[in-house]
Amino acid sequence: MFVTTPEASKDEAEVKVESQVCNGTSRETDVVVRARVLNPKGKVVETTESKLRLPANETNTVKQTVEVRSPKLWSPDSPELYSAEVEIAAAGKTLDKTSTHFGIRKIEVDAEHGFRLNGKMIKLKGGCMHHDNGPLGSAAIDRAEERRVELMKANGFNAIRTSHNPPSPAFLDACDRLGMLVVDEAFDCWNEGKNPQDYHLYFKDWAKRDIASMVERDRNHPSVVIWSIGNEIPEQFRDNSTAKMLREAVLSHDPTRPITQAICTDFGNVMRHWDQLSDVAFKYLDIGGYNYEPGKYESDHKRNPQRVMMATESFPKDCFDYWTQVEKHPYVIGDFVWTAMDYFGESGIGHTSLSNEQDSFLMPWPWHNAWCGDIDVCGFKKPQSYYRDVVWRRSPIEMAVHAPMPAGVWERVSNWGWPDETRSWTWPGQGGKPLQVAVYSRCDAVRLELNGKVIGEKPVSAATKLTAKFDVPYAPGELRAVGLSDGKSVASIAFHTTGEPYAIRLVADRSTIRASRNYLSYVTVEVVDHDGNRVPNAAIPIRLTVTGVGELAATGSGAPNDSSSFHLPLRTTYKGRCIAILRPTGGAGKIELKAEADGLKPATVVVNTR
């Protein structure tokens, strides 16, 4: 089945249902093909029938149209899902039937009005996302896939680029339900590989078949709004015949969505001949995907005013620069940071180092985590995510404190990195020593206070990239940043020094789950002081015990260089916390998780299965 909505407005929608019907028998058969559309509540809103005479062992395509009045349109803010059911009957008997969810929505994109969904311009607040599920590895358990989408929604993202491969069906189902736009990507190489055993060995024989598999599988998902045919392809500037072939392959299975490709400048003398070579690479794309080249937007627009552009990859530390371009130009439709969430591999590309240390592109073992994500592998926010909240106008003010620096050295931050900052004012042993405090805000100015005493006041603006930095001699207590507009306090944020580790706290994201292997409960394990505040510098081994109708599927922390097994019931906290993932093993009952550590009050949490 292939369901499209070529016309979609709040008053009326046209739903087209295209079905391939195969007569696998040895005789000609007359059948009725009946298509129904059901609204989000499961009520049939319209039915249509077509008669079909099928010769033996042949397949025909049936195209049917259903009108839906006053439809509920699908969007990130209102992800309404309809269903289409197709039934094949003969002589009053049902021979076969199938159904699929779909969304009634209309996609438009051009350089003058940008990306539009249901007639409304949307700027894509995007993040690239690899396939893995943190401590679970590559297992595409339904709940794990759903949780990743929930995390992106909760942190302001409205779009995900599945780099560099199609995602699982469960992932797209979650995007449909929760309202997340998706760039569905096919390949990381074409005819030329990046590694000896790469896909280039199979591209010639398999590319068209794999495109067909991806597009036909995913085309009914309303969340999928753009197809991507490749990422940083080695031959992208020399030959566009492959891009033309892939474009035609995609459109043969789905002519309703725009096509993009992530173009980079890493190959040859591209930068010196960008104008000439880039036009070759972008020729067969509806949306030009730019990896790390925001400086090319305006000059390329002058040469190609009809080109639609977006950052298919961007550096986290340059978030403000990228997003300013998106807000400024309608032809720049979005920004996809590399990456939305940490992943395993490309170890330490987001690292920092000191000037007296040897630096490298990747970090050696035990580093195993890329460390460039807004969100860590356990789902916890990292400092750059709070900065993005300010850039995206989700938060009026945020703050972070840089880790103490040795005298006479400076910090090197990788292209994908972020300064070694923490949202903490707990720095034992640093009394009287200056710590650098960064305050992020879109207010006119910010004021910093320590224990009620004003440290200083500084302006913030586009010129400062919404950032003010202060040097503060450390003293325990309360560090408070105040946002000022027209001299008046309009926002504030405060950090407090915590006490010594006292107890363990367990918080399950779901206290009741289904007794199915596709369901999980993520339990946050925190080290807290006597007042219940997480101790942000606690690195304490936690022993975990599970009883009942479940198992410990994995444990993990956000640390990029903790090489402990994800399957051991022992995990050292990172920044005062780690995570334990519970998975049902049997029927209804209780799963009990107990956490213990030397010198700390233990904790227990119960998750019910039904």
# chains A, B, ... in the order shown; residues from 1 in each chain; ligands from 1
$ closest_atom_pairs --of "range 17-79 of chain A" --to "range 149-170 of chain A" --cutoff "10 Å" --atoms "only C-alpha atoms" --output "JSON lines"
{"residue": "A:Ser75", "atom": "CA", "partner": "A:Asn158", "partner_atom": "CA", "distance": 10.0}
{"residue": "A:Pro76", "atom": "CA", "partner": "A:Asn158", "partner_atom": "CA", "distance": 6.8}
{"residue": "A:Asp77", "atom": "CA", "partner": "A:Asn158", "partner_atom": "CA", "distance": 9.3}
$ residues_around --residues "range 221-236 of chain A" --least-positions-apart "6" --cutoff "7 Å" --atoms "only C-alpha atoms" --output "ChimeraX atom specification"
/A:102-103,164,172,175-176,179-190,192,246,257-264,267,281
$ residues_around --residues "range 64-74 of chain A" --least-positions-apart "6" --cutoff "8 Å" --atoms "only C-alpha atoms" --output "PyMOL selection string"
chain A and resi 8-18+35+37+45-50+80-81+103-105+118+179+222
$ atom_distance --atom1 "CA of Arg571 in chain A" --atom2 "CA of Glu145 in chain A"
23.1 Å
$ closest_residue --among "A:Thr324, A:Ser385, A:Thr339, A:Ser424" --to "Lys123 in chain A" --atoms "only C-alpha atoms"
A:Thr324
